[in-house]
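Student: What follows is protein.cif, mmCIF, C-alpha atoms.
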data_start
#
loop_
_atom_site.label_atom_id
_atom_site.label_comp_id
_atom_site.auth_asym_id
_atom_site.auth_seq_id
_atom_site.Cartn_x
_atom_site.Cartn_y
_atom_site.Cartn_z
CA MET A 10 0.00 0.00 0.00
CA ARG A 11 1.35 3.44 -0.96
CA THR A 12 1.40 6.28 1.58
CA CYS A 13 0.46 9.81 0.60
CA PRO A 14 3.38 12.26 0.76
CA TRP A 15 1.49 14.62 3.04
CA VAL A 16 0.89 11.80 5.53
CA VAL A 17 4.63 11.09 5.62
CA LEU A 18 5.32 14.78 6.20
CA VAL A 19 2.90 14.88 9.14
CA LEU A 20 4.49 11.78 10.67
CA VAL A 21 7.97 13.24 10.33
CA LEU A 22 6.91 16.48 12.00
CA VAL A 23 5.30 14.59 14.87
CA VAL A 24 7.99 11.97 15.45
CA SER A 25 11.18 13.84 14.58
CA PRO A 26 13.10 15.35 17.53
CA ALA A 27 14.49 18.10 15.31
CA HIS A 28 11.95 20.57 16.65
CA ALA A 29 13.21 20.16 20.26
CA GLU A 30 14.28 23.37 21.97
CA SER A 31 17.96 24.11 22.50
CA VAL A 32 19.62 24.76 25.85
CA GLY A 33 19.67 28.48 25.10
CA ASP A 34 15.96 28.52 24.18
CA LEU A 35 15.05 26.88 27.47
CA VAL A 36 17.24 29.23 29.53
CA ALA A 37 15.61 32.22 27.82
CA LYS A 38 12.21 31.03 29.06
CA LEU A 39 13.25 31.00 32.72
CA ALA A 40 11.43 33.71 34.64
CA PRO A 41 9.90 34.02 38.13
CA GLY A 42 6.54 32.27 38.31
CA THR A 43 6.61 30.87 34.74
CA SER A 44 9.68 28.62 34.57
CA GLN A 45 8.37 25.22 35.68
CA ALA A 46 8.14 23.53 32.26
CA ALA A 47 11.39 24.95 30.85
CA ALA A 48 13.33 24.21 34.04
CA THR A 49 12.06 20.64 34.17
CA THR A 50 13.04 20.00 30.55
CA LEU A 51 16.45 21.61 30.93
CA ALA A 52 17.36 19.86 34.17
CA ALA A 53 16.20 16.47 32.89
CA GLY A 54 18.47 16.51 29.82
CA PRO A 55 20.07 14.81 28.08
CA PHE A 56 22.03 17.51 26.28
CA ALA A 57 25.57 17.40 24.96
CA VAL A 58 28.15 18.48 27.53
CA GLU A 59 29.54 20.96 25.00
CA GLN A 60 26.14 22.66 24.65
CA LEU A 61 25.62 22.84 28.40
CA GLY A 62 29.14 24.17 28.92
CA ALA A 63 28.71 26.83 26.24
CA GLU A 64 25.54 28.07 27.95
CA LEU A 65 27.33 28.15 31.32
CA ASP A 66 29.97 30.38 29.73
CA LEU A 67 27.22 32.74 28.58
CA LEU A 68 25.56 32.76 32.00
CA ALA A 69 28.75 33.33 33.99
CA PRO A 70 28.98 37.13 33.40
CA VAL A 71 25.20 37.73 33.34
CA GLY A 72 23.51 39.51 36.23
CA GLU A 73 24.85 41.84 38.87
CA LEU A 74 26.32 40.13 41.92
CA PRO A 75 24.18 42.14 44.38
CA LYS A 76 21.03 41.06 42.56
CA ILE A 77 22.17 37.43 42.54
CA ALA A 78 22.98 37.64 46.25
CA GLU A 79 19.58 39.18 46.92
CA THR A 80 17.80 36.38 45.05
CA LEU A 81 19.76 33.74 46.95
CA GLN A 82 18.96 35.43 50.26
CA ALA A 83 15.26 35.35 49.40
CA LEU A 84 15.58 31.67 48.51
CA GLN A 85 17.44 30.92 51.72
CA LYS A 86 14.79 32.70 53.76
CA ALA A 87 12.04 30.73 52.04
CA ALA A 88 13.83 27.38 52.43
CA GLY A 89 15.03 27.88 55.99
CA ALA A 90 17.34 25.22 57.41
CA LYS A 91 16.70 22.94 54.41
CA TYR A 92 18.79 25.29 52.27
CA TRP A 93 22.05 23.88 53.66
CA VAL A 94 21.30 20.15 53.73
CA ASP A 95 22.99 17.89 51.17
CA ASP A 96 19.76 16.82 49.47
CA TYR A 97 18.28 20.29 49.04
CA ASP A 98 16.85 20.76 45.51
CA LEU A 99 18.03 24.16 44.33
CA VAL A 100 16.10 23.91 41.06
CA ALA A 101 12.81 23.22 42.81
CA GLY A 102 13.47 26.00 45.31
CA LEU A 103 14.10 28.58 42.59
CA VAL A 104 11.09 27.47 40.56
CA ALA A 105 8.90 27.98 43.62
CA LEU A 106 10.32 31.48 44.22
CA PRO A 107 7.54 33.89 43.12
CA THR A 108 9.57 37.04 42.42
CA GLY A 109 13.09 38.30 41.82
CA ASP A 110 15.30 40.22 39.43
CA ALA A 111 14.77 38.68 35.98
CA ASP A 112 18.43 38.48 34.94
CA ALA A 113 19.66 37.25 38.31
CA TYR A 114 16.85 34.69 38.51
CA ARG A 115 17.53 33.40 34.99
CA THR A 116 21.25 33.17 35.72
CA LEU A 117 20.77 31.23 38.95
CA LEU A 118 18.04 28.89 37.75
CA GLY A 119 19.73 28.30 34.38
CA THR A 120 23.00 27.43 36.10
CA ALA A 121 21.25 25.19 38.64
CA CYS A 122 19.37 23.34 35.89
CA ILE A 123 22.52 22.81 33.85
CA LEU A 124 24.38 21.54 36.92
CA GLN A 125 21.60 19.02 37.47
CA ALA A 126 21.72 17.92 33.82
CA LEU A 127 25.50 17.50 34.00
CA ALA A 128 25.18 15.52 37.22
CA LYS A 129 22.73 13.15 35.54
CA ASP A 130 25.26 12.66 32.75
CA GLY A 131 27.93 11.80 35.34
CA HIS A 132 30.82 11.21 32.95
CA LYS A 133 34.25 12.71 33.52
CA GLU A 134 33.78 15.58 31.05
CA ALA A 135 30.46 16.52 32.65
CA VAL A 136 31.92 16.47 36.17
CA VAL A 137 34.91 18.58 35.07
CA ARG A 138 32.54 21.18 33.66
CA MET A 139 30.52 21.23 36.88
CA ILE A 140 33.62 21.92 38.95
CA GLN A 141 34.44 24.93 36.78
CA VAL A 142 31.21 26.60 37.96
CA ALA A 143 32.45 26.85 41.57
CA PRO A 144 34.18 30.28 41.24
CA ASP A 145 31.48 31.79 38.99
CA HIS A 146 29.21 34.54 40.32
CA GLY A 147 31.58 35.32 43.13
CA GLY A 148 31.47 31.71 44.29
CA MET A 149 27.85 32.04 45.39
CA LEU A 150 26.93 28.68 43.83
CA ARG A 151 29.93 26.90 45.27
CA PHE A 152 27.71 25.18 47.86
CA GLU A 153 25.56 23.72 45.07
CA VAL A 154 28.58 22.32 43.23
CA VAL A 155 29.81 20.73 46.47
CA ARG A 156 26.40 19.11 46.93
CA ARG A 157 26.56 17.70 43.44
CA MET A 158 30.08 16.36 43.99
CA LYS A 159 29.03 14.58 47.18
CA ALA A 160 26.05 13.06 45.38
CA LEU A 161 28.29 11.79 42.57
CA GLY A 162 30.59 10.20 45.14
CA GLU A 163 33.68 8.38 43.91
CA ARG A 164 33.01 9.36 40.28
CA ALA A 165 33.92 12.94 41.23
CA VAL A 166 37.27 12.08 42.82
CA ALA A 167 39.45 11.95 39.69
CA PRO A 168 38.06 15.23 38.24
CA LEU A 169 38.60 16.92 41.61
CA ILE A 170 42.19 15.68 41.74
CA LEU A 171 42.77 17.13 38.28
CA ALA A 172 41.11 20.42 39.32
CA ARG A 173 43.78 20.97 41.97
CA ALA A 174 46.19 21.91 39.17
CA ASP A 175 44.04 24.97 38.36
CA LYS A 176 44.74 27.97 40.60
CA ARG A 177 41.10 29.09 40.41
CA LEU A 178 39.85 25.66 41.50
CA ARG A 179 42.62 24.39 43.76
CA GLY A 180 41.10 25.49 47.09
CA PHE A 181 37.64 24.28 46.12
CA ALA A 182 38.96 20.90 44.96
CA TRP A 183 40.99 20.32 48.13
CA SER A 184 38.15 21.29 50.46
CA THR A 185 35.62 19.20 48.56
CA LEU A 186 37.85 16.13 48.59
CA ASP A 187 38.31 16.68 52.31
CA ALA A 188 34.55 16.90 52.81
CA MET A 189 34.20 13.62 50.89
CA ASN A 190 36.97 11.95 52.96
CA LYS A 191 39.00 11.51 49.76
CA LYS A 192 41.76 14.05 50.36
CA ILE A 193 44.42 11.51 51.33
CA PRO A 194 45.54 9.28 48.39
CA GLY A 195 45.12 6.13 50.45
CA ASP A 196 41.47 7.04 51.01
CA ALA A 197 40.88 8.21 47.44
CA VAL A 198 41.71 4.81 45.95
CA GLN A 199 39.28 2.93 48.19
CA THR A 200 36.83 1.80 45.51
CA LYS A 201 35.64 -1.46 43.98
CA SER A 202 35.29 0.05 40.51
CA ASN A 203 38.18 -0.60 38.13
CA ASP A 204 37.12 2.37 36.00
CA VAL A 205 37.07 4.77 38.95
CA LEU A 206 40.36 3.51 40.36
CA SER A 207 42.08 3.72 36.98
CA ALA A 208 40.85 7.29 36.51
CA ILE A 209 42.15 8.27 39.96
CA LEU A 210 45.58 6.74 39.32
CA LEU A 211 45.84 8.48 35.96
CA ALA A 212 44.81 11.76 37.60
CA TYR A 213 47.65 11.42 40.13
CA GLY A 214 50.06 10.78 37.28
CA THR A 215 48.80 13.79 35.34
CA THR A 216 49.19 16.10 38.34
CA LYS A 217 52.47 14.42 39.45
CA ASP A 218 51.25 14.31 43.04
CA MET A 219 54.30 13.14 44.98
CA ASP A 220 52.18 12.27 48.02
CA ALA A 221 50.31 9.78 45.85
CA LEU A 222 53.36 8.17 44.21
CA GLY A 223 53.51 5.38 46.78
CA VAL A 224 49.84 4.54 46.17
CA VAL A 225 50.38 4.56 42.41
CA MET A 226 53.36 2.21 42.73
CA SER A 227 51.33 -0.20 44.85
CA PHE A 228 49.11 -0.95 41.84
CA VAL A 229 51.76 -1.44 39.13
CA GLY A 230 51.66 -5.18 39.78
CA SER A 231 47.88 -5.47 40.18
CA GLU A 232 46.10 -8.60 39.00
CA ARG A 233 43.48 -6.39 37.31
CA ASP A 234 44.65 -5.56 33.80
CA GLU A 235 42.92 -2.17 33.56
CA VAL A 236 44.18 -1.01 36.95
CA ARG A 237 47.71 -2.28 36.33
CA SER A 238 47.88 -0.50 32.98
CA ALA A 239 46.63 2.79 34.48
CA ALA A 240 49.10 2.59 37.39
CA ARG A 241 52.03 1.98 35.06
CA GLN A 242 50.99 4.82 32.78
CA ALA A 243 50.73 7.09 35.82
CA ALA A 244 54.12 6.02 37.18
CA LEU A 245 55.76 6.80 33.84
CA ALA A 246 54.03 10.20 33.79
CA TYR A 247 55.93 11.26 36.92
CA GLY A 248 59.18 11.14 34.94
CA ASP A 249 62.38 11.94 36.82
CA LEU A 250 60.42 13.10 39.86
CA ALA A 251 59.80 9.43 40.62
CA LEU A 252 63.37 8.25 39.97
CA PRO A 253 64.44 7.90 43.64
CA ARG A 254 61.34 5.90 44.51
CA LEU A 255 61.66 3.78 41.37
CA ARG A 256 65.30 2.96 42.12
CA GLU A 257 64.39 1.98 45.66
CA THR A 258 61.56 -0.25 44.45
CA LEU A 259 63.67 -2.03 41.85
CA GLY A 260 66.45 -2.51 44.37
CA ASN A 261 64.02 -4.20 46.76
CA ILE A 262 62.76 -6.50 44.01
CA LEU A 263 66.15 -7.49 42.59
CA GLY A 264 68.17 -7.27 45.79
CA ALA A 265 70.55 -4.76 44.23
CA PRO A 266 70.21 -1.15 43.03
CA PRO A 267 70.07 -0.47 39.28
CA PRO A 268 72.94 1.26 37.47
CA ASN A 269 73.19 4.97 38.18
CA ASP A 270 72.84 5.95 34.52
CA TRP A 271 69.41 4.36 34.11
CA THR A 272 66.59 6.79 33.37
CA ALA A 273 63.31 6.82 35.26
CA GLU A 274 61.54 5.12 32.37
CA ARG A 275 64.12 2.36 32.12
CA VAL A 276 63.95 1.67 35.85
CA ALA A 277 60.16 1.70 35.74
CA ARG A 278 60.01 -0.77 32.88
CA ALA A 279 62.49 -3.03 34.65
CA ILE A 280 60.14 -2.99 37.63
CA PHE A 281 57.21 -3.87 35.39
CA ASP A 282 59.10 -6.78 33.82
CA ALA A 283 60.17 -8.15 37.19
CA LEU A 284 56.67 -7.92 38.61
CA ASP A 285 55.23 -9.60 35.51
CA LYS A 286 57.61 -12.53 35.95
CA GLN A 287 56.59 -12.87 39.58
CA ARG A 288 52.91 -12.52 38.78
CA LEU A 289 53.03 -15.04 35.94
CA ALA A 290 55.21 -17.58 37.74
CA GLU A 291 52.28 -19.04 39.69
CA ILE A 292 50.05 -19.04 36.62
CA ASP A 293 52.69 -20.74 34.48
CA ALA A 294 53.15 -23.36 37.20
CA LEU A 295 49.42 -24.06 37.18
CA VAL A 296 49.43 -24.43 33.40
CA ASP A 297 52.41 -26.81 33.50
CA ASP A 298 50.81 -28.89 36.24
CA GLY A 299 47.49 -28.99 34.37
CA LEU A 300 49.15 -30.17 31.17
CA ALA A 301 50.99 -32.87 33.10
CA GLN A 302 47.75 -34.04 34.71
CA SER A 303 46.11 -34.15 31.29
CA GLU A 304 48.90 -36.34 29.88
CA HIS A 305 48.26 -38.83 32.70
CA GLY A 306 44.52 -38.91 32.04
CA ALA A 307 43.53 -36.92 35.14
CA PHE A 308 41.37 -34.55 33.10
CA ASP A 309 39.26 -33.39 36.05
CA GLU A 310 42.38 -32.28 37.94
CA ALA A 311 43.79 -30.65 34.82
CA VAL A 312 40.60 -28.67 34.27
CA LYS A 313 40.59 -27.46 37.90
CA ARG A 314 44.02 -25.93 37.36
CA PHE A 315 43.10 -24.46 33.98
CA ASP A 316 39.97 -22.88 35.48
CA LYS A 317 42.13 -21.04 38.01
CA VAL A 318 44.41 -19.79 35.25
CA LEU A 319 41.61 -18.63 33.00
CA ALA A 320 39.85 -16.85 35.86
CA ARG A 321 42.95 -14.67 36.25
CA MET A 322 44.07 -14.55 32.63
CA PRO A 323 41.24 -15.42 30.21
CA PHE A 324 43.52 -14.97 27.17
CA HIS A 325 46.58 -16.81 28.40
CA ALA A 326 49.09 -17.50 25.65
CA ARG A 327 48.78 -21.28 26.11
CA ARG A 328 45.00 -21.42 26.28
CA THR A 329 44.72 -23.57 23.14
CA MET A 330 46.79 -26.27 24.84
CA MET A 331 44.09 -26.54 27.52
CA ALA A 332 41.28 -27.36 25.09
CA PRO A 333 41.89 -31.17 24.80
CA ALA A 334 41.55 -31.65 28.57
CA TYR A 335 38.11 -30.03 28.55
CA ALA A 336 37.05 -32.17 25.57
CA ARG A 337 38.24 -35.39 27.25
CA LEU A 338 36.56 -34.46 30.53
CA ALA A 339 33.34 -33.81 28.64
CA LEU A 340 33.45 -37.29 27.08
CA SER A 341 33.71 -38.85 30.54
CA LEU A 342 30.73 -36.85 31.81
CA GLU A 343 28.25 -37.53 28.99
CA ASP A 344 26.59 -40.48 30.75
CA THR A 345 26.56 -38.99 34.26
CA ASP A 346 26.24 -35.21 33.89
CA ARG A 347 25.14 -34.09 30.45
CA ALA A 348 24.90 -30.41 31.41
CA ALA A 349 28.50 -30.41 32.66
CA ALA A 350 29.56 -32.32 29.55
CA ARG A 351 28.01 -29.70 27.30
CA THR A 352 29.72 -26.92 29.27
CA ALA A 353 33.10 -28.63 28.99
CA PHE A 354 32.69 -29.25 25.25
CA ARG A 355 31.80 -25.59 24.69
CA LYS A 356 34.74 -24.47 26.83
CA SER A 357 37.11 -26.55 24.71
CA LEU A 358 35.70 -24.88 21.58
CA ASP A 359 36.07 -21.42 23.13
CA LEU A 360 39.71 -22.14 23.89
CA ASP A 361 40.54 -23.59 20.49
CA PRO A 362 37.72 -23.43 17.92
CA ASN A 363 39.90 -24.88 15.15
CA GLY A 364 41.98 -27.38 17.11
CA THR A 365 42.33 -31.14 16.73
CA HIS A 366 39.47 -31.79 19.13
CA ALA A 367 37.10 -29.14 17.75
CA GLY A 368 35.41 -31.45 15.25
CA GLU A 369 34.98 -34.17 17.85
CA ALA A 370 33.52 -31.67 20.35
CA ARG A 371 31.02 -30.29 17.85
CA ALA A 372 30.06 -33.83 16.79
CA GLU A 373 29.45 -34.90 20.40
CA LEU A 374 27.28 -31.84 20.99
CA ALA A 375 25.27 -32.76 17.87
CA VAL A 376 24.90 -36.36 19.10
CA MET A 377 23.59 -35.14 22.44
CA ASP A 378 21.10 -32.93 20.60
CA GLY A 379 19.84 -35.94 18.67
CA GLN A 380 19.70 -38.14 21.79
CA ASP A 381 17.73 -35.50 23.66
CA LEU A 382 15.22 -35.38 20.82
CA MET A 383 14.88 -39.17 20.82
CA ALA A 384 14.27 -39.10 24.58
CA ARG A 385 11.30 -36.83 23.84
CA GLY A 386 9.98 -39.25 21.21
CA ILE A 387 11.26 -37.29 18.21
CA GLU A 388 13.27 -39.34 15.71
CA ASP A 389 15.41 -36.89 13.77
CA ARG A 390 18.36 -38.03 11.65
CA GLU A 391 19.76 -34.52 11.06
CA PRO A 392 21.82 -34.17 14.31
CA PHE A 393 23.44 -37.57 13.76
CA ASP A 394 24.12 -36.90 10.10
CA ARG A 395 25.70 -33.58 11.13
CA ALA A 396 27.81 -35.37 13.74
CA LEU A 397 29.17 -37.81 11.13
CA THR A 398 29.97 -34.91 8.82
CA LEU A 399 31.98 -33.28 11.62
CA ASP A 400 33.54 -36.53 12.84
CA PRO A 401 33.12 -39.43 10.38
CA GLY A 402 34.35 -41.94 12.94
CA ASN A 403 31.87 -41.02 15.66
CA PRO A 404 30.47 -44.38 16.88
CA LYS A 405 27.50 -42.90 18.76
CA ALA A 406 26.20 -41.13 15.69
CA ARG A 407 26.63 -44.25 13.54
CA ALA A 408 24.88 -46.47 16.09
CA ALA A 409 21.99 -44.02 16.39
CA LEU A 410 21.55 -43.91 12.62
CA ASP A 411 21.66 -47.71 12.42
CA ARG A 412 18.93 -47.90 15.05
CA LEU A 413 16.87 -45.35 13.15
CA ASN A 414 17.44 -47.26 9.89
CA GLY A 415 16.50 -50.56 11.59
CA ALA A 416 13.40 -49.03 13.09
CA GLY A 417 12.48 -47.70 9.68
CA HIS A 418 12.98 -51.15 8.05
CA ASP A 419 10.81 -52.81 10.70
CA ARG A 420 8.10 -50.23 10.11
CA GLU A 421 8.24 -50.87 6.37
CA SER A 422 8.02 -54.66 6.92
CA ARG A 423 5.06 -54.26 9.23
CA GLN A 424 3.41 -51.91 6.79
CA ARG A 425 3.90 -54.42 3.93
CA SER A 426 2.50 -57.23 6.10
CA TRP A 427 -0.48 -55.10 7.01
CA ALA A 428 -0.96 -54.25 3.34
CA TRP A 429 -0.91 -57.93 2.28
CA ALA A 430 -3.28 -58.84 5.06
CA ALA A 431 -5.61 -56.05 4.11
CA ALA A 432 -5.49 -57.13 0.45
CA ALA A 433 -6.20 -60.75 1.34
CA GLY A 434 -9.08 -59.73 3.55
CA ALA A 435 -10.52 -57.54 0.81
CA ALA A 436 -10.23 -60.40 -1.72
CA PHE A 437 -11.98 -62.80 0.64
CA ILE A 438 -14.84 -60.34 1.11
CA VAL A 439 -15.16 -59.92 -2.65
CA LEU A 440 -15.35 -63.71 -3.11
CA LEU A 441 -18.03 -63.95 -0.47
CA VAL A 442 -20.08 -61.27 -2.17
CA LEU A 443 -19.73 -62.93 -5.55
CA PHE A 444 -20.60 -66.32 -4.15
CA ALA A 445 -23.68 -64.91 -2.48
CA ARG A 446 -24.98 -63.57 -5.83
CA ILE A 447 -24.86 -66.94 -7.72
CA PRO A 448 -28.44 -68.45 -8.09
CA ARG A 449 -29.06 -71.55 -6.02
CA ARG A 450 -30.13 -73.64 -8.98
CA ARG A 451 -26.91 -72.81 -10.75
CA ARG A 452 -25.02 -73.75 -7.70
CA ARG A 453 -26.92 -77.11 -7.50
CA ALA A 454 -26.14 -77.83 -11.11
#
Would you kindly transcribe this structure into structure tokens?
Tutor:
Amino acid sequence: MRTCPWVVLVLVLVVSPAHAESVGDLVAKLAPGTSQAAATTLAAGPFAVEQLGAELDLLAPVGELPKIAETLQALQKAAGAKYWVDDYDLVAGLVALPTGDADAYRTLLGTACILQALAKDGHKEAVVRMIQVAPDHGGMLRFEVVRRMKALGERAVAPLILARADKRLRGFAWSTLDAMNKKIPGDAVQTKSNDVLSAILLAYGTTKDMDALGVVMSFVGSERDEVRSAARQAALAYGDLALPRLRETLGNILGAPPPNDWTAERVARAIFDALDKQRLAEIDALVDDGLAQSEHGAFDEAVKRFDKVLARMPFHARRTMMAPAYARLALSLEDTDRAAARTAFRKSLDLDPNGTHAGEARAELAVMDGQDLMARGIEDREPFDRALTLDPGNPKARAALDRLNGAGHDRESRQRSWAWAAAAGAAFIVLLVLFARIPRRRRRA
């Protein structure tokens, strides 16, 4: 069915978001007593951080400070003690304010809405832009930025650490970190998030915070790849400032100090190499032991060791060598634990999808599919045919097909027997009918 062009045009106009108002359009609509809808839309977002930041730049010089202070005083009076609590909603408070200087009101509410939109975004760039609002308007919205930082929690730590390098933001960043109990490096890195921890370590490296160097060095041998990489990148960023600490660390690892002419980077990379050897020694030992167990037929013990390795290093260099043990363990489990057998077969394929046991593993999985269907009363040759294609020597697939072929032959024999019996019965009935129609005299003759 064809659609009329004007119908398409109407649908586009209704559905398309192109008509949505910009950040600047919404800010322009903010006025005492009439700003509810615009403020709600602006604070809800989402808008690009660049757009929100550009509008903040336009709002920063707008409005006289006395008028802004007067508006805030009126708001504080209306809110009472709630004005200073951490969960106070500045946007809602300003929206409810009935009167005030138009420019000052628009500046305050526009900034508060944009701060809320940036907080909902929550990414590093958004948090960085929020922090830059602290000194605007004579610092009168500093309290609101602090509230937002506390609400963001650990996601705000790295941006605040970076902000300490800016003279305009240094005092605010330090005091806010202190209020969040994240001022000391040892406290700042207390997080379960790899992303947050990595960002904090990189921030220390960027700012070359000497008080945090010890914390950074404590993660250069981390088991977590992302954290270890970030810590090493941060340590290298310190450059020669970290040389004494790097030399001391390498000396403790090797039992002897490095040559005096080694640069900070060379010492650091020597530390990384030494730690990698230590970290991988246990893993390599587990791999070697697992391979030895596999050679002796102890596939369950081999798999236990390989599971430990893969939990720590999913892409270990020798992962393909582990695949046969999983395939052999799966074969031994097929009759006792089919679910575990399937898992082991799939694990062997994940480790080495093109290895010597891959065809066998895929064939066994196909056989189990066919057997499961037969258990439900469904006789399907396709899984067994597929298994023989993957592994021509698979005895289970061949036996299953032979049974299916035998069952089919028996059915055909029974069907032929039933057909002959039916034909004989029909012939007998026909003879009876014919005999019944012969006249008695003719029969006597």
Student: For range 261-343 of chain A versus range 224-233 of chain A, which residues have an atom no more than 10 Å away, and what is each residue's nearest atom pair and distance in Å rounded to one decimal, using all atoms listed in the file, chain-then-number order, as a tab-separated table?
Tutor:
residue	atom	partner	partner_atom	distance
A:Ala277	CA	A:Val229	CA	9.6
A:Ile280	CA	A:Val229	CA	8.7
A:Phe281	CA	A:Val229	CA	7.0
A:Asp282	CA	A:Gly230	CA	9.7
A:Ala283	CA	A:Gly230	CA	9.4
A:Leu284	CA	A:Gly230	CA	5.8
A:Asp285	CA	A:Gly230	CA	7.1
A:Gln287	CA	A:Gly230	CA	9.1
A:Arg288	CA	A:Gly230	CA	7.5
A:Leu289	CA	A:Glu232	CA	9.9
A:Arg321	CA	A:Glu232	CA	7.4
A:Met322	CA	A:Glu232	CA	8.9
Student: Any chance you could resolve the PyMOL selection byres ((chain A and resi 219-221) around 9) against this file and give the residues as a PyMOL selection string?
Tutor: chain A and resi 193-195+210+213-214+216-218+222-226+247+250-251
Student: Considering all atoms listed in the file, state which residue in the set A:Glu59, A:Glu391, A:Glu64, A:Asp344 is at the smallest distance from Gly33 in chain A.
Tutor: A:Glu64
Student: For the structure shown, which residues end up in the PyMOL selection byres ((chain A and resi 399) around 8)? Put them as JSON, numbers by chain, please?
Tutor: {"A": [368, 369, 371, 372, 395, 396, 397, 398, 400, 401]}
Student: Generate the output file for the selected residues, C-alpha atoms, as a short mmCIF file (atom, residue, chain, number, x, y, z; two decimals), keeping the file's coordinate frame.
Tutor:
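This went into part.cif:
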data_model
loop_
_atom_site.label_atom_id
_atom_site.label_comp_id
_atom_site.auth_asym_id
_atom_site.auth_seq_id
_atom_site.Cartn_x
_atom_site.Cartn_y
_atom_site.Cartn_z
CA GLY A 368 35.41 -31.45 15.25
CA GLU A 369 34.98 -34.17 17.85
CA ARG A 371 31.02 -30.29 17.85
CA ALA A 372 30.06 -33.83 16.79
CA ARG A 395 25.70 -33.58 11.13
CA ALA A 396 27.81 -35.37 13.74
CA LEU A 397 29.17 -37.81 11.13
CA THR A 398 29.97 -34.91 8.82
CA ASP A 400 33.54 -36.53 12.84
CA PRO A 401 33.12 -39.43 10.38
#
Student: Point out the residue among A:Pro266, A:Lys317, A:Leu206, A:Arg157 with the least atom-to-atom distance to Ala135 in chain A, counting all atoms listed in the file.
Tutor: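 Closest to Ala135 in chain A of all the choices is A:Arg157.
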Student: Which polymer residues have any atom within 12 Å of an atom of Ala87 in chain A, counting all atoms listed in the file, with same-chain residues fewer than 6 positions away left out, as an NGL selection string?
Tutor: :A and (80-81 or 99 or 101-108)
Student: Evaluating the PyMOL selection byres ((chain A and resi 308-312) around 10) on the displayed file yields which residues, as a VMD selection string?
Tutor: chain A and resid 295 to 307 313 to 318 331 to 339 341 353
Student: CA of Leu178 in chain A to CA of Glu153 in chain A: how many Å, to one decimal?
Tutor: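 Separating CA of Leu178 in chain A from CA of Glu153 in chain A is a distance of 14.9 Å.
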Student: What's the 6 Å shell around Ala113 in chain A, counting all atoms listed in the file, without same-chain residues fewer than 3 positions away, as a PyMOL selection string?
Tutor: chain A and resi 72+76-77+110+116
